[in-house]
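One structure below.
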Amino acid sequence: MRKLVTILAVLGAFGGCVAGPEDGTLPFVVEDGKEDDFLSLTGQEYVLRGSPRVTLEAELASASPEAVEARVHELMGLKNIAIGWFLNQYLMEKDSDASNKTYGGYGAMVRDGSYKSAAARAVEGAPLTWEYDVELLVGGERDLLSEVPLTTNPDGSRAFELVMGNPSNDELARLETNHEWYRSAPWDGFDPSSLAPERIERLPLTIDVEQMSLDAWPDYRALVADGVLDIDLYFGWDYHAAYHVSHSREIFDWLVSHGFARPEGVSSFDQLAHDSGPLTRTIKADGREVRVEVRIIYGKTGTASDPDTDAGGRLLESLARDSFRQRDVIAYSGHSGPFYGFALANWRRTEEGDLDDSEFPTLDIPANRYQIILAEGCDTYHLGQALQANPAKAGGAYMDLITSTAPSNAASTQTVRSLFALLFSTDKKGNHEPHRYSTMLREMSSNALYGVHGIDDNPHLHPYADPATTGQVCEAAADCGGGSACVVRAAQTMCAPECTADDGCGDGFECRATASSSGYLQESRCVAQARPASDYTRVEEVIESAHPYADGTDRTWTVEAPAGAVALRLHFARLETESGYDKVTIMDAAGRVLAAYEGTLNELTTDELPPKIEVHFTSDSSVTGWGFEIDHHEWR
């Protein structure tokens, strides 16, 4: 499975869920791409395209075509690394005291390794020079296109010029871990204004928005298939205020206060060691017991995992590798950054204990076993491609990865607690309440631009719902089983499992938003597919407010289909009201609210309604708008 996430608030005892109607009424259905591998509520992915060049060494002028092709291909890979480095230098947010603070700074970063390169072609009139087309992904804020200085090409594409460095071929090849060329002057903290023109290259790039993944659930069934949900949590070494210790303590105490048993032989946090074993708790998931195990691992001074020593660093990295090999969930919270991975030990005293992104493609990760990975640290977005390059998780299969495209909040454990709420929150009876990734991201995103990679093949149907009940006649949610509600559509009540996309619903059904009796939108659910327009008879009858409408408007219209009709639907040509105060409410003959519309909506066709309904428009005592116009209705 491929996944990506954000979660709602962590509530008491990992409890709490989205509240449904409290008035006993049933929710009703509200009527109204491309696959990807990233979902974020606050961030956005962008596609960048350009045509960089590489130049061969003079001694290859008489080399064989095979040798030339091999060297060109090698240089393309090295050039892509350089493009990624300088793009990050340009796009990433700068500190106020940064030496290159005037060079870009837009809160975005490259998804390292996302490059797609086409075959190279010789450049006419430029011996030994080859050009190729490249495409790569960037993650950033949703207003990035309004921040980066762009021009418009004749074909309508948006473009900008990347002013980047021009390292030599020998420099580009220097990629020894922690001693790569880009970690040395003048390339680290790159500032083009300080370099001679011959050290500068200008690369035109186009930029466009990449479509997001659809919201989904983690594959809970896969996580608990063996009856155990095991989680290893790492806090990386911190130079600010030893957060690796204080945050470990905070999560330890938090888990204990929420029903987790301490590891055997550990009566308090101070006794916790890297080999102490997990904190444990038992929950009920889909009617059966599941044991949740959480191991907390951090560099503990004066012990075998001392983060200030080579031996401690090696141990921490070895433990992390073991976690990737064995656990359902691997969570890291600590320092990170472009071209860095997990900083487990004190890098100021040892070069050991760092699990770099370059090592992720070779990690021993189980194939065909679903895992969730949290990379909570500054600018971890680039790790998405590094892990998806691992053959065991090719293309993100069987893996969800949560990352950030901006600095995270090192002073808080909120992100970790949000992940835990996603995974094992329960109701008061200890029953697991599965959350969607969007729920988790909503809570995480208060501090950074979090997103989830690899969720296109995640479940789009509530994990505990029974698809066989979809569309069955019901009177209440209890008739439908877990994960389902009893909803109203076309004057009928039917079982409707919660969903995030049509493909979760099965043949003949689609995923549609529902609303409470007061008209507020709720979760989406699987209902029978809408009928084609050919099934309806159109009636050209206009129902409209004044334009603009007056304060204190309170007016009702009745719409009724001919005798024998089973349903009708309305078409709003235009609706513009003061959101939150002035609205159009649709009610059935018994006065039950079926839908409510406000704000700005154009060309909206409602879901099927009963054959007789009332349209009620009200406005408050101040601020008006254009109003609304229903230009026709249809019945069948």
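Residue numbers start at 1 in each chain; chains themselves are named A, B, ... in the order of the structure tokens; ligands are numbered from 1 in the order shown.
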Handout entry: Contact residues around Gly384 of chain A with only C-alpha atoms at 8 Å, ignoring same-chain residues under 3 positions, as a ChimeraX atom specification
Key = /A:111-112,380-381,387-388,401,403,453
Practice task
Can you pull out every residue within 8 Å of Ser333 of chain A, counting only C-alpha atoms, but drop anything in the same chain fewer than 2 positions away, and send it as a VMD selection string?
Solution key: chain A and resid 233 to 236 331 335 374 to 377 416
What are the nearest atom pairs, with distances in Å to one decimal, for all residues of segment 304-388 of chain A that come at most 10 Å from segment 244-260 of chain A, using only C-alpha atoms, set out by chain and rising residue number as a tab-separated table?
```
residue	atom	partner	partner_atom	distance
A:Ser333	CA	A:His244	CA	8.4
A:Gly334	CA	A:His244	CA	7.5
A:Leu344	CA	A:His244	CA	9.2
A:Ala345	CA	A:His244	CA	9.9
```
Problem - Shell of 9 Å around Ser51 of chain A, only C-alpha atoms, local chain residues under 4 positions omitted, as a ChimeraX atom specification - result: /A:131-135,203-205
